[in-house]
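Chemist: Just coords.csv, nothing more (CSV, C-alpha atoms and all ligand atoms):
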chain,number,residue,atom,x,y,z
A,22,MET,CA,-18.0,54.3,-138.6
A,23,PRO,CA,-20.4,57.3,-138.4
A,24,THR,CA,-23.9,56.9,-140.0
A,25,ASP,CA,-23.9,58.2,-143.6
A,26,LEU,CA,-25.7,61.5,-144.0
A,27,TYR,CA,-28.1,62.5,-146.9
A,28,CYS,CA,-30.7,65.2,-147.2
A,29,VAL,CA,-33.2,66.9,-149.5
A,30,PHE,CA,-32.7,70.7,-150.2
A,31,GLY,CA,-35.7,72.8,-151.1
A,32,ASN,CA,-37.6,76.0,-150.2
A,33,PRO,CA,-40.2,75.3,-148.8
A,34,ILE,CA,-39.3,71.8,-147.6
A,35,GLY,CA,-41.6,71.0,-144.7
A,36,HIS,CA,-44.1,69.2,-146.9
A,37,SER,CA,-41.4,66.8,-148.5
A,38,LYS,CA,-42.1,63.1,-148.3
A,39,SER,CA,-38.5,62.3,-149.2
A,40,PRO,CA,-37.3,61.8,-145.6
A,41,LYS,CA,-40.1,59.2,-145.0
A,42,ILE,CA,-39.4,57.4,-148.3
A,43,HIS,CA,-35.6,57.2,-147.7
A,44,ALA,CA,-36.1,56.0,-144.1
A,45,LEU,CA,-38.3,53.2,-145.4
A,46,PHE,CA,-35.7,52.3,-148.1
A,47,ALA,CA,-32.9,52.4,-145.5
A,48,ALA,CA,-34.8,50.1,-143.1
A,49,GLN,CA,-35.7,47.7,-145.9
A,50,THR,CA,-32.1,47.4,-147.2
A,51,ALA,CA,-30.4,47.7,-143.8
A,52,GLN,CA,-28.3,50.7,-144.9
A,53,ASP,CA,-26.7,52.7,-142.1
A,54,MET,CA,-27.8,56.1,-143.2
A,55,ARG,CA,-29.7,59.2,-142.0
A,56,TYR,CA,-31.8,61.4,-144.4
A,57,GLU,CA,-33.0,64.9,-143.4
A,58,ALA,CA,-35.0,67.7,-144.9
A,59,ARG,CA,-32.9,70.9,-145.1
A,60,LEU,CA,-34.3,74.3,-145.9
A,61,ALA,CA,-32.0,76.4,-148.1
A,62,PRO,CA,-32.5,80.1,-148.3
A,63,LEU,CA,-33.5,81.3,-151.8
A,64,ASP,CA,-30.3,83.2,-152.2
A,65,GLY,CA,-28.0,80.7,-150.3
A,66,PHE,CA,-28.3,77.3,-152.0
A,67,ALA,CA,-24.6,76.9,-152.8
A,68,ALA,CA,-23.5,78.0,-149.3
A,69,THR,CA,-26.0,75.5,-147.8
A,70,VAL,CA,-24.7,72.7,-149.9
A,71,ALA,CA,-21.1,73.6,-148.9
A,72,ARG,CA,-22.0,73.5,-145.2
A,73,PHE,CA,-23.7,70.1,-145.7
A,74,ILE,CA,-20.6,68.7,-147.4
A,75,ALA,CA,-18.5,70.1,-144.5
A,76,ASP,CA,-20.9,68.3,-142.1
A,77,GLY,CA,-20.0,65.0,-143.8
A,78,GLY,CA,-23.0,64.8,-146.2
A,79,ARG,CA,-22.6,62.1,-148.8
A,80,GLY,CA,-25.4,63.0,-151.1
A,81,ALA,CA,-28.6,65.0,-151.5
A,82,ASN,CA,-31.8,65.4,-153.4
A,83,VAL,CA,-32.8,68.8,-154.8
A,84,THR,CA,-36.3,70.0,-155.2
A,85,VAL,CA,-38.1,73.3,-156.1
A,86,PRO,CA,-36.7,75.9,-156.8
A,87,PHE,CA,-33.1,74.7,-156.9
A,88,LYS,CA,-32.9,72.1,-159.6
A,89,GLU,CA,-31.3,74.5,-162.2
A,90,GLU,CA,-28.9,75.9,-159.6
A,91,ALA,CA,-27.9,72.4,-158.7
A,92,PHE,CA,-27.2,71.8,-162.4
A,93,ARG,CA,-24.8,74.8,-162.5
A,94,LEU,CA,-23.2,73.8,-159.1
A,95,ALA,CA,-22.3,70.3,-160.2
A,96,THR,CA,-18.7,69.8,-161.2
A,97,GLN,CA,-19.7,66.6,-163.2
A,98,ARG,CA,-23.0,65.7,-164.7
A,99,THR,CA,-24.5,62.5,-166.0
A,100,PRO,CA,-25.9,62.4,-169.6
A,101,ARG,CA,-29.5,62.3,-168.3
A,102,ALA,CA,-28.8,65.4,-166.1
A,103,GLU,CA,-27.4,67.2,-169.2
A,104,ALA,CA,-30.5,66.2,-171.3
A,105,ALA,CA,-32.8,67.4,-168.5
A,106,GLY,CA,-30.9,70.7,-167.9
A,107,ALA,CA,-31.7,70.2,-164.2
A,108,VAL,CA,-30.3,68.1,-161.3
A,109,ASN,CA,-32.3,66.4,-158.6
A,110,THR,CA,-29.6,64.1,-157.2
A,111,LEU,CA,-26.2,65.2,-156.0
A,112,SER,CA,-23.3,62.9,-154.9
A,113,PHE,CA,-20.3,64.2,-153.0
A,114,THR,CA,-17.3,62.1,-153.7
A,115,ASP,CA,-13.5,62.8,-153.9
A,116,GLY,CA,-14.1,66.6,-153.8
A,117,GLN,CA,-16.5,66.4,-156.8
A,118,ILE,CA,-20.2,67.3,-156.9
A,119,VAL,CA,-21.8,64.9,-159.3
A,120,GLY,CA,-25.2,65.9,-160.6
A,121,ASP,CA,-27.8,63.4,-161.8
A,122,ASN,CA,-31.4,63.5,-162.7
A,123,THR,CA,-33.6,60.6,-161.7
A,124,ASP,CA,-37.1,62.1,-162.4
A,125,GLY,CA,-37.4,60.6,-165.9
A,126,ALA,CA,-36.2,57.2,-164.8
A,127,GLY,CA,-38.7,57.4,-162.0
A,128,LEU,CA,-41.6,58.1,-164.3
A,129,VAL,CA,-40.6,55.3,-166.7
A,130,ARG,CA,-40.3,52.8,-163.9
A,131,ASP,CA,-43.6,53.8,-162.4
A,132,LEU,CA,-45.3,53.4,-165.8
A,133,LYS,CA,-43.7,50.1,-166.6
A,134,HIS,CA,-43.4,48.3,-163.2
A,135,ASN,CA,-46.3,49.8,-161.2
A,136,LEU,CA,-48.9,50.6,-163.9
A,137,GLY,CA,-48.1,48.0,-166.5
A,138,CYS,CA,-47.9,50.7,-169.1
A,139,ASN,CA,-44.9,50.2,-171.4
A,140,PRO,CA,-44.2,53.4,-173.4
A,141,ALA,CA,-42.8,51.3,-176.2
A,142,GLY,CA,-44.9,51.6,-179.4
A,143,ARG,CA,-47.4,54.0,-177.6
A,144,ARG,CA,-48.6,57.4,-178.9
A,145,ILE,CA,-47.7,59.8,-176.1
A,146,LEU,CA,-49.0,63.3,-175.5
A,147,LEU,CA,-46.9,65.3,-173.0
A,148,LEU,CA,-48.6,68.4,-171.7
A,149,GLY,CA,-46.2,71.1,-170.4
A,150,ALA,CA,-42.6,72.2,-171.3
A,151,GLY,CA,-41.3,73.2,-167.9
A,152,GLY,CA,-38.6,71.5,-165.8
A,153,ALA,CA,-40.6,68.3,-165.1
A,154,ALA,CA,-41.5,67.8,-168.8
A,155,ARG,CA,-37.9,68.4,-169.9
A,156,GLY,CA,-36.6,65.8,-167.5
A,157,VAL,CA,-38.8,63.0,-168.8
A,158,ILE,CA,-38.3,63.5,-172.6
A,159,LEU,CA,-35.1,61.6,-173.1
A,160,PRO,CA,-36.1,58.6,-170.9
A,161,LEU,CA,-39.4,58.4,-172.8
A,162,LEU,CA,-37.8,58.7,-176.2
A,163,LEU,CA,-35.3,55.9,-175.2
A,164,GLU,CA,-38.3,53.6,-174.6
A,165,GLN,CA,-39.1,53.9,-178.4
A,166,PRO,CA,-42.7,55.2,-178.4
A,167,ALA,CA,-44.6,55.4,-181.7
A,168,ARG,CA,-45.0,59.1,-181.3
A,169,LEU,CA,-44.2,61.9,-178.7
A,170,VAL,CA,-46.1,65.2,-179.0
A,171,ILE,CA,-45.2,68.0,-176.6
A,172,ALA,CA,-47.9,70.5,-176.1
A,173,ASN,CA,-47.5,73.7,-174.1
A,174,ARG,CA,-49.4,76.9,-173.3
A,175,THR,CA,-46.4,78.9,-174.5
A,176,ALA,CA,-45.9,77.1,-177.8
A,177,GLU,CA,-42.4,78.4,-178.4
A,178,LYS,CA,-41.1,76.6,-175.4
A,179,ALA,CA,-42.4,73.3,-176.8
A,180,VAL,CA,-40.8,74.1,-180.1
A,181,ARG,CA,-37.4,74.9,-178.5
A,182,LEU,CA,-37.5,71.6,-176.5
A,183,VAL,CA,-38.3,69.6,-179.7
A,184,GLN,CA,-35.5,71.3,-181.5
A,185,GLU,CA,-33.0,70.3,-178.8
A,186,PHE,CA,-34.1,66.7,-178.6
A,187,ALA,CA,-34.3,66.3,-182.4
A,188,ARG,CA,-30.5,66.7,-182.5
A,189,LEU,CA,-30.1,63.4,-180.7
A,190,PRO,CA,-28.4,60.7,-182.8
A,191,ALA,CA,-30.9,58.5,-184.7
A,192,CYS,CA,-29.3,55.4,-183.2
A,193,ALA,CA,-30.5,56.4,-179.7
A,194,ILE,CA,-34.1,57.2,-180.6
A,195,SER,CA,-36.5,55.9,-183.3
A,196,ILE,CA,-38.7,59.0,-183.6
A,197,LYS,CA,-38.4,62.8,-183.6
A,198,PRO,CA,-40.7,64.5,-181.0
A,199,GLU,CA,-43.3,66.9,-182.3
A,200,SER,CA,-44.6,70.1,-180.7
A,201,CYS,CA,-47.7,72.3,-180.6
A,202,GLY,CA,-49.4,75.0,-178.6
A,203,PHE,CA,-52.5,74.5,-176.5
A,204,ASP,CA,-54.6,76.4,-179.2
A,205,ALA,CA,-53.6,73.6,-181.7
A,206,LEU,CA,-54.7,70.9,-179.2
A,207,THR,CA,-58.3,71.8,-179.7
A,208,ASN,CA,-57.9,71.1,-183.4
A,209,LEU,CA,-56.5,67.7,-182.9
A,210,THR,CA,-59.9,66.1,-183.2
A,211,LYS,CA,-58.8,63.0,-185.0
A,212,GLU,CA,-55.7,62.4,-182.9
A,213,ARG,CA,-55.7,59.7,-180.3
A,214,PHE,CA,-53.1,59.0,-177.6
A,215,ASP,CA,-52.4,55.9,-175.6
A,216,LEU,CA,-50.6,57.8,-172.8
A,217,VAL,CA,-51.3,61.4,-171.8
A,218,ILE,CA,-49.0,62.9,-169.2
A,219,ASN,CA,-49.9,66.1,-167.5
A,220,ALA,CA,-46.5,67.8,-166.7
A,221,THR,CA,-48.0,71.2,-166.3
A,222,SER,CA,-48.4,72.8,-162.8
A,223,THR,CA,-52.2,73.4,-163.5
A,224,GLY,CA,-53.2,70.9,-160.8
A,225,LEU,CA,-51.8,73.2,-158.2
A,226,THR,CA,-54.2,76.0,-159.3
A,227,ASN,CA,-57.2,73.8,-160.3
A,228,THR,CA,-56.9,75.1,-163.9
A,229,VAL,CA,-58.8,73.2,-166.5
A,230,LEU,CA,-56.6,72.3,-169.5
A,231,PRO,CA,-58.0,72.8,-173.1
A,232,THR,CA,-57.8,69.1,-173.8
A,233,SER,CA,-60.6,67.3,-175.4
A,234,THR,CA,-61.7,63.9,-174.1
A,235,SER,CA,-61.4,62.6,-177.7
A,236,LEU,CA,-57.6,62.7,-177.3
A,237,PHE,CA,-57.7,59.6,-175.0
A,238,ALA,CA,-57.6,56.4,-177.0
A,239,PRO,CA,-59.4,53.3,-175.6
A,240,GLY,CA,-57.2,51.8,-172.9
A,241,CYS,CA,-55.3,55.1,-172.5
A,242,VAL,CA,-53.3,55.9,-169.3
A,243,ALA,CA,-53.8,59.5,-168.1
A,244,TYR,CA,-50.9,60.3,-165.9
A,245,GLU,CA,-50.9,63.4,-163.6
A,246,MET,CA,-47.4,64.2,-162.3
A,247,LEU,CA,-48.8,66.1,-159.3
A,248,TYR,CA,-49.7,63.8,-156.3
A,249,GLY,CA,-51.8,64.1,-153.2
A,250,ARG,CA,-54.9,65.7,-154.8
A,251,GLU,CA,-57.5,65.1,-157.5
A,252,THR,CA,-56.9,67.6,-160.3
A,253,PRO,CA,-59.2,68.8,-163.2
A,254,PHE,CA,-57.0,66.8,-165.6
A,255,MET,CA,-57.7,63.6,-163.5
A,256,GLU,CA,-61.4,64.4,-163.3
A,257,GLN,CA,-61.6,64.9,-167.1
A,258,ALA,CA,-59.8,61.6,-167.8
A,259,ARG,CA,-62.0,59.7,-165.3
A,260,SER,CA,-65.1,60.9,-167.2
A,261,VAL,CA,-63.9,58.8,-170.2
A,262,LEU,CA,-64.7,55.1,-170.2
A,263,ASP,CA,-61.7,52.8,-170.5
A,264,VAL,CA,-59.1,55.3,-169.3
A,265,ARG,CA,-56.8,54.5,-166.4
A,266,VAL,CA,-55.8,57.5,-164.2
A,267,ALA,CA,-52.7,57.7,-162.1
A,268,ASP,CA,-51.0,60.4,-160.1
A,269,GLY,CA,-47.3,61.2,-159.5
A,270,LEU,CA,-46.8,59.5,-156.2
A,271,GLY,CA,-45.3,56.4,-157.9
A,272,MET,CA,-42.9,58.7,-159.9
A,273,LEU,CA,-41.9,60.4,-156.6
A,274,VAL,CA,-41.1,57.0,-155.0
A,275,GLU,CA,-39.4,55.6,-158.1
A,276,GLN,CA,-37.2,58.7,-158.6
A,277,ALA,CA,-36.2,58.4,-154.9
A,278,ALA,CA,-35.4,54.7,-155.4
A,279,GLU,CA,-33.2,55.6,-158.4
A,280,ALA,CA,-31.3,58.2,-156.3
A,281,PHE,CA,-30.9,55.6,-153.5
A,282,PHE,CA,-29.5,53.2,-156.0
A,283,VAL,CA,-27.0,55.9,-157.3
A,284,TRP,CA,-25.8,56.5,-153.7
A,285,ARG,CA,-25.9,53.0,-152.1
A,286,GLY,CA,-25.8,50.6,-155.1
A,287,VAL,CA,-28.9,48.8,-153.7
A,288,ARG,CA,-32.4,48.9,-155.3
A,289,PRO,CA,-35.1,49.1,-152.7
A,290,ASN,CA,-38.6,47.6,-152.9
A,291,THR,CA,-40.8,50.5,-154.1
A,292,GLN,CA,-44.0,48.5,-154.0
A,293,ALA,CA,-43.6,48.0,-150.2
A,294,ALA,CA,-42.7,51.7,-149.8
A,295,LEU,CA,-45.8,52.7,-151.7
A,296,ILE,CA,-48.0,50.5,-149.5
A,297,ALA,CA,-46.4,51.9,-146.4
A,298,LEU,CA,-46.9,55.5,-147.6
A,299,ALA,CA,-50.6,54.9,-148.4
A,300,ALA,CA,-51.1,53.4,-144.9
A,301,LEU,CA,-49.4,56.5,-143.3
A,302,ALA,CA,-51.6,58.8,-145.4
A,303,GLU,CA,-54.7,57.0,-144.2
A,304,LEU,CA,-53.5,57.3,-140.6
A,305,HIS,CA,-53.3,61.1,-140.9
A,306,GLN,CA,-56.6,61.6,-142.7
B,401,LIG,P1,-42.6,74.5,-164.1
B,401,LIG,O1,-42.9,75.7,-163.4
B,401,LIG,O2,-41.2,74.3,-164.6
B,401,LIG,O3,-43.5,74.4,-165.4
B,401,LIG,C1,-44.8,74.6,-165.4
B,401,LIG,C2,-45.5,74.2,-166.6
B,401,LIG,O4,-47.0,74.3,-166.5
B,401,LIG,C3,-45.2,75.0,-167.9
B,401,LIG,O5,-45.3,74.1,-169.0
B,401,LIG,C4,-46.3,76.0,-167.9
B,401,LIG,O6,-46.6,76.5,-169.2
B,401,LIG,C5,-47.5,75.2,-167.5
B,401,LIG,N1,-48.6,76.0,-166.9
B,401,LIG,C6,-48.5,76.7,-165.7
B,401,LIG,N2,-49.7,77.3,-165.5
B,401,LIG,C7,-50.5,77.0,-166.6
B,401,LIG,C8,-51.9,77.3,-166.9
B,401,LIG,N3,-52.6,78.1,-166.2
B,401,LIG,N4,-52.3,76.8,-168.1
B,401,LIG,C9,-51.6,76.0,-168.9
B,401,LIG,N5,-50.3,75.7,-168.6
B,401,LIG,C10,-49.8,76.2,-167.4
B,401,LIG,O7,-43.0,73.3,-163.2
B,401,LIG,P2,-42.4,71.8,-163.1
B,401,LIG,O8,-42.2,71.4,-164.5
B,401,LIG,O9,-41.3,71.7,-162.2
B,401,LIG,O10,-43.6,70.9,-162.4
B,401,LIG,C11,-44.8,70.6,-163.2
B,401,LIG,C12,-45.7,69.6,-162.4
B,401,LIG,O11,-45.0,68.4,-162.2
B,401,LIG,C13,-46.0,70.1,-160.9
B,401,LIG,O12,-47.4,69.8,-160.7
B,401,LIG,C14,-45.1,69.3,-160.1
B,401,LIG,O13,-45.6,69.1,-158.8
B,401,LIG,C15,-45.0,68.0,-160.8
B,401,LIG,N6,-43.8,67.2,-160.5
B,401,LIG,C16,-43.9,66.0,-160.0
B,401,LIG,C17,-42.8,65.2,-159.7
B,401,LIG,C18,-43.0,63.8,-159.1
B,401,LIG,O14,-42.0,63.2,-158.7
B,401,LIG,N7,-44.2,63.3,-159.1
B,401,LIG,C19,-41.5,65.6,-160.0
B,401,LIG,C20,-41.4,67.0,-160.6
B,401,LIG,C21,-42.6,67.7,-160.8
B,401,LIG,P3,-45.9,77.9,-169.8
B,401,LIG,O15,-44.5,77.4,-170.3
B,401,LIG,O16,-46.8,78.3,-170.8
B,401,LIG,O17,-45.7,78.8,-168.6
Could I get this structure in the form of structure tokens?
Ligand code: NDP
Modeler:
Amino acid sequence: MPTDLYCVFGNPIGHSKSPKIHALFAAQTAQDMRYEARLAPLDGFAATVARFIADGGRGANVTVPFKEEAFRLATQRTPRAEAAGAVNTLSFTDGQIVGDNTDGAGLVRDLKHNLGCNPAGRRILLLGAGGAARGVILPLLLEQPARLVIANRTAEKAVRLVQEFARLPACAISIKPESCGFDALTNLTKERFDLVINATSTGLTNTVLPTSTSLFAPGCVAYEMLYGRETPFMEQARSVLDVRVADGLGMLVEQAAEAFFVWRGVRPNTQAALIALAALAELHQ
């Protein structure tokens, strides 16, 4: 039997940690599989996927900037992909392209299993209303938080997101999410949150968010979705006593583990993979 083939599509793709993560998972669980990084041209995503399927590809991850295109390409979509409006995991079976989204499940698993931060009953502030924010809203709501406020620079985008998710049946979620613009954030002087998630891309440009340190409740977890660098959001949170700060590496590994589970039906040990990745990073410093 030939080795099963998987890959991650993106542009650029050279920086991706996914091949390393999946190689660790495959070794751990003794799965006979190969996982590559494949660069897709900006105007040739569908053709690149078709070639990969013709090469015998069994599944793929999708990263920037193709998650929405992957959503449109999928012939079947899971409910969490539908809610996210984006696909980061594709499975190729019986002539179908099944689209899934494991980003939100990855965040929730990182919070609960690696950081000991159960979203249930917590007051959550989600900063940002782009693709990453959209992908985590349903998984967070399903954890039954006490409150979920979505704040975005362009307030209308946050309002639109909240309107979409407010239509979910009351049996699935206990609260309706709220929205505001960043200008309103500065007026929230009496509000406190137990979990503040930065899902904006401001870490990439070192932009300081208009968040006040008073937003962090004692014992709060400040979660930066970006990984691999200290961001202004993390610096601000670290200046507050009794706030725990985490970056998005755990989310990256957990969303990969969820994709691995979708494809192979086996759940890898993510703690071991995180330790191995940290050791590799130190080696290359
Ligand atoms: P998008 O481009 O879809 O969204 C960007 C978001 O950032 C929008 O809400 C945008 O606001 C906001 N933003 C951008 N610039 C500024 C600024 N100067 N000031 C205030 N807000 C700003 O990006 P994604 O949602 O795909 O990614 C967001 C972050 O999440 C990135 O850092 C990415 O690396 C990370 N990520 C991490 C993952 C992981 O596994 N750890 C997985 C996916 C993403 P507006 O709407 O007003 O433009």
Chemist: Of the candidates A:Ala81, A:Leu136, A:Ile74, A:Ala299, which one gets nearest to Ser112 (chain A) if we count all atoms listed in the file?
Modeler: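 Looking at the shortest contact to Ser112 (chain A), the residue is A:Ala81.
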Chemist: Which residue gives the smallest distance to Gly224 (chain A) among A:Met255, A:Leu60, A:Ala243, A:Ala172, with all atoms listed in the file counted?
Modeler: A:Met255
Chemist: As an exercise, work out the distance from atom P2 of ligand LIG 401 (chain B) to CA of Gly151 (chain A) in Å and give it to one decimal place.
Modeler: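 Computing the Euclidean distance for atom P2 of ligand LIG 401 (chain B) and CA of Gly151 (chain A) yields 5.1 Å.
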Chemist: I'd like the contact shell of Leu189 (chain A) - 12 Å cut-off, all atoms listed in the file, skipping same-chain residues fewer than 2 positions apart - returned as a list in words.
Modeler: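 Returned residues: Pro100, Ala104, Ile158, Leu159, Leu162, Leu163, Leu182, Val183, Gln184, Glu185, Phe186, Ala187, Ala191, Cys192, Ala193, Ile194, Ser195, Ile196, Lys197 and Pro198 of chain A.
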Chemist: Using all atoms listed in the file, which residues have at least one atom no more than 9 Å from ligand LIG 401 (chain B)? Output them as a ChimeraX atom specification.
Modeler: /A:84-86,88,124-125,127-128,148-156,172-179,202-203,219-231,245-248,268-277
